[in-house]
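Reviewing the structure listed below.
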Amino acid sequence: QVQLQASGGGLVQPGGSLRLSCAASGTISRFKTIGWYRQAPGKSRELVASITRGFGTNYADSVKGRFTISRDNGKNTVNLQMNSLKPEDTAVYYCNAVLDRIDYWGQGTQVTVSS
């Protein structure tokens, strides 16, 4: 069974930074992809960033140049460094991992960007 534990959300002013972390049970390198989605009130869940087993990355256009995803296979964690945050980044962020064509989700962590 895959368990994903997200942490690092909070309240930040526009232009600020936050770092999200997702700790996975077991060896993180077994996942085809692992990454972050977000869901704002009244909107569908959307991909923010993901990273593959081979360290290839994919970002939503809205976060390119501001967010950076990384994975630490030794610590079995995937991190999302979020810089230059905007109010439109406000959402619940979810860690996601794909293994054997099955999606696994962690609990969400709230990110609020507001002055």
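Chains: A, B, ... in order of the structure tokens. Residues: from 1 per chain. Ligands: from 1, in order shown.
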
*stretch 50-64 of chain A: which residues within 7 Å, counting only C-alpha atoms, same-chain residues fewer than 2 positions away excluded, as a VMD selection string?*
chain A and resid 29 31 to 36 47 to 48 66 to 67 69

Write out, as a short mmCIF file (atom, residue, chain, number, x, y, z; two decimals), in the first residue's frame, the residues just selected, with C-alpha atoms.
data_model
loop_
_atom_site.label_atom_id
_atom_site.label_comp_id
_atom_site.auth_asym_id
_atom_site.auth_seq_id
_atom_site.Cartn_x
_atom_site.Cartn_y
_atom_site.Cartn_z
CA SER A 29 12.03 5.49 -7.25
CA PHE A 31 6.86 5.38 -8.94
CA LYS A 32 6.50 6.10 -12.64
CA THR A 33 5.74 9.71 -11.76
CA ILE A 34 5.26 11.62 -8.54
CA GLY A 35 4.16 15.17 -8.18
CA TRP A 36 1.68 17.78 -7.09
CA LEU A 47 -1.51 19.28 -12.36
CA VAL A 48 1.05 21.66 -10.92
CA ARG A 66 8.37 30.09 -10.37
CA PHE A 67 8.02 26.54 -9.06
CA ILE A 69 9.98 20.15 -8.29
#

*Write out as a ChimeraX atom specification all residues of chain A that DSSP puts in strand (DSSP E) for this structure's backbone.*
/A:4-7,10-12,18-24,33-39,46-52,57-59,67-72,77-82,91-99,102-105,109-113

Closest atom pairs, stretch 28-111 of chain A residues within 12 Å of stretch 1-7 of chain A, only C-alpha atoms, as JSON lines:
{"residue": "A:Ile28", "atom": "CA", "partner": "A:Val2", "partner_atom": "CA", "distance": 9.9}
{"residue": "A:Arg30", "atom": "CA", "partner": "A:Val2", "partner_atom": "CA", "distance": 10.8}
{"residue": "A:Phe31", "atom": "CA", "partner": "A:Val2", "partner_atom": "CA", "distance": 10.0}
{"residue": "A:Ile34", "atom": "CA", "partner": "A:Leu4", "partner_atom": "CA", "distance": 10.2}
{"residue": "A:Gly35", "atom": "CA", "partner": "A:Leu4", "partner_atom": "CA", "distance": 10.7}
{"residue": "A:Trp36", "atom": "CA", "partner": "A:Ala6", "partner_atom": "CA", "distance": 9.8}
{"residue": "A:Tyr37", "atom": "CA", "partner": "A:Ala6", "partner_atom": "CA", "distance": 11.6}
{"residue": "A:Asn76", "atom": "CA", "partner": "A:Leu4", "partner_atom": "CA", "distance": 10.1}
{"residue": "A:Thr77", "atom": "CA", "partner": "A:Leu4", "partner_atom": "CA", "distance": 9.2}
{"residue": "A:Val78", "atom": "CA", "partner": "A:Ala6", "partner_atom": "CA", "distance": 9.4}
{"residue": "A:Asn79", "atom": "CA", "partner": "A:Ala6", "partner_atom": "CA", "distance": 9.4}
{"residue": "A:Leu80", "atom": "CA", "partner": "A:Ser7", "partner_atom": "CA", "distance": 10.4}
{"residue": "A:Val92", "atom": "CA", "partner": "A:Ala6", "partner_atom": "CA", "distance": 10.9}
{"residue": "A:Tyr93", "atom": "CA", "partner": "A:Ala6", "partner_atom": "CA", "distance": 8.6}
{"residue": "A:Tyr94", "atom": "CA", "partner": "A:Ala6", "partner_atom": "CA", "distance": 7.3}
{"residue": "A:Cys95", "atom": "CA", "partner": "A:Ala6", "partner_atom": "CA", "distance": 6.4}
{"residue": "A:Asn96", "atom": "CA", "partner": "A:Leu4", "partner_atom": "CA", "distance": 7.7}
{"residue": "A:Ala97", "atom": "CA", "partner": "A:Leu4", "partner_atom": "CA", "distance": 8.1}
{"residue": "A:Val98", "atom": "CA", "partner": "A:Val2", "partner_atom": "CA", "distance": 9.8}
{"residue": "A:Leu99", "atom": "CA", "partner": "A:Val2", "partner_atom": "CA", "distance": 8.8}
{"residue": "A:Asp100", "atom": "CA", "partner": "A:Val2", "partner_atom": "CA", "distance": 11.5}
{"residue": "A:Ile102", "atom": "CA", "partner": "A:Val2", "partner_atom": "CA", "distance": 10.2}
{"residue": "A:Asp103", "atom": "CA", "partner": "A:Val2", "partner_atom": "CA", "distance": 9.7}
{"residue": "A:Tyr104", "atom": "CA", "partner": "A:Val2", "partner_atom": "CA", "distance": 6.8}
{"residue": "A:Trp105", "atom": "CA", "partner": "A:Leu4", "partner_atom": "CA", "distance": 6.5}
{"residue": "A:Gly106", "atom": "CA", "partner": "A:Leu4", "partner_atom": "CA", "distance": 4.5}
{"residue": "A:Gln107", "atom": "CA", "partner": "A:Ala6", "partner_atom": "CA", "distance": 6.5}
{"residue": "A:Gly108", "atom": "CA", "partner": "A:Ala6", "partner_atom": "CA", "distance": 6.8}
{"residue": "A:Thr109", "atom": "CA", "partner": "A:Ser7", "partner_atom": "CA", "distance": 6.4}
{"residue": "A:Gln110", "atom": "CA", "partner": "A:Ser7", "partner_atom": "CA", "distance": 9.2}
{"residue": "A:Val111", "atom": "CA", "partner": "A:Ser7", "partner_atom": "CA", "distance": 10.4}

*asked:* As an exercise, work out the distance from atom CA of A:Gly74 to atom CA of A:Leu20 in Å and give it to one decimal place.
replied: 17.4 Å

_Nearest to A:Ser17 by atom-to-atom distance, counting only C-alpha atoms, from A:Ala40, A:Ala49, A:Ala91, A:Leu85_ =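 For A:Ser17, the nearest of the candidates is A:Leu85.
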
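With distances taken over only C-alpha atoms, A:Met82 is the one residue among A:Gly42, A:Ser114, A:Ser70, A:Met82 lying closest to A:Leu18.
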
*Non-local contacts of A:Thr90 (6 Å; only C-alpha atoms; under 3 positions in same chain excluded) as a list in words*: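 Using only C-alpha atoms, the neighbours found are Pro87, Val111, Thr112 and Val113 of chain A.
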
Could you write out that same residue set with all heavy atoms as a PDB file, in the first residue's frame?
ATOM      1  N   PRO A  87      -1.768  35.354  -5.625  1.00  0.00           N
ATOM      2  CA  PRO A  87      -3.050  34.972  -5.024  1.00  0.00           C
ATOM      3  C   PRO A  87      -3.737  33.826  -5.774  1.00  0.00           C
ATOM      4  O   PRO A  87      -4.399  32.986  -5.137  1.00  0.00           O
ATOM      5  CB  PRO A  87      -3.865  36.265  -5.121  1.00  0.00           C
ATOM      6  CG  PRO A  87      -2.822  37.348  -5.055  1.00  0.00           C
ATOM      7  CD  PRO A  87      -1.655  36.810  -5.816  1.00  0.00           C
ATOM      8  N   VAL A 111      -2.551  25.966   0.776  1.00  0.00           N
ATOM      9  CA  VAL A 111      -1.655  27.083   0.492  1.00  0.00           C
ATOM     10  C   VAL A 111      -2.527  28.303   0.235  1.00  0.00           C
ATOM     11  O   VAL A 111      -3.389  28.277  -0.647  1.00  0.00           O
ATOM     12  CB  VAL A 111      -0.768  26.801  -0.733  1.00  0.00           C
ATOM     13  CG1 VAL A 111       0.004  28.057  -1.140  1.00  0.00           C
ATOM     14  CG2 VAL A 111       0.202  25.661  -0.433  1.00  0.00           C
ATOM     15  N   THR A 112      -2.313  29.345   1.014  1.00  0.00           N
ATOM     16  CA  THR A 112      -3.079  30.581   0.866  1.00  0.00           C
ATOM     17  C   THR A 112      -2.112  31.726   0.631  1.00  0.00           C
ATOM     18  O   THR A 112      -1.197  31.951   1.433  1.00  0.00           O
ATOM     19  CB  THR A 112      -3.931  30.863   2.112  1.00  0.00           C
ATOM     20  OG1 THR A 112      -4.809  29.761   2.332  1.00  0.00           O
ATOM     21  CG2 THR A 112      -4.757  32.129   1.921  1.00  0.00           C
ATOM     22  N   VAL A 113      -2.309  32.417  -0.466  1.00  0.00           N
ATOM     23  CA  VAL A 113      -1.472  33.567  -0.816  1.00  0.00           C
ATOM     24  C   VAL A 113      -2.340  34.820  -0.715  1.00  0.00           C
ATOM     25  O   VAL A 113      -3.248  35.033  -1.523  1.00  0.00           O
ATOM     26  CB  VAL A 113      -0.883  33.441  -2.221  1.00  0.00           C
ATOM     27  CG1 VAL A 113       0.077  34.610  -2.499  1.00  0.00           C
ATOM     28  CG2 VAL A 113      -0.175  32.106  -2.391  1.00  0.00           C
TER      29      VAL A 113
END
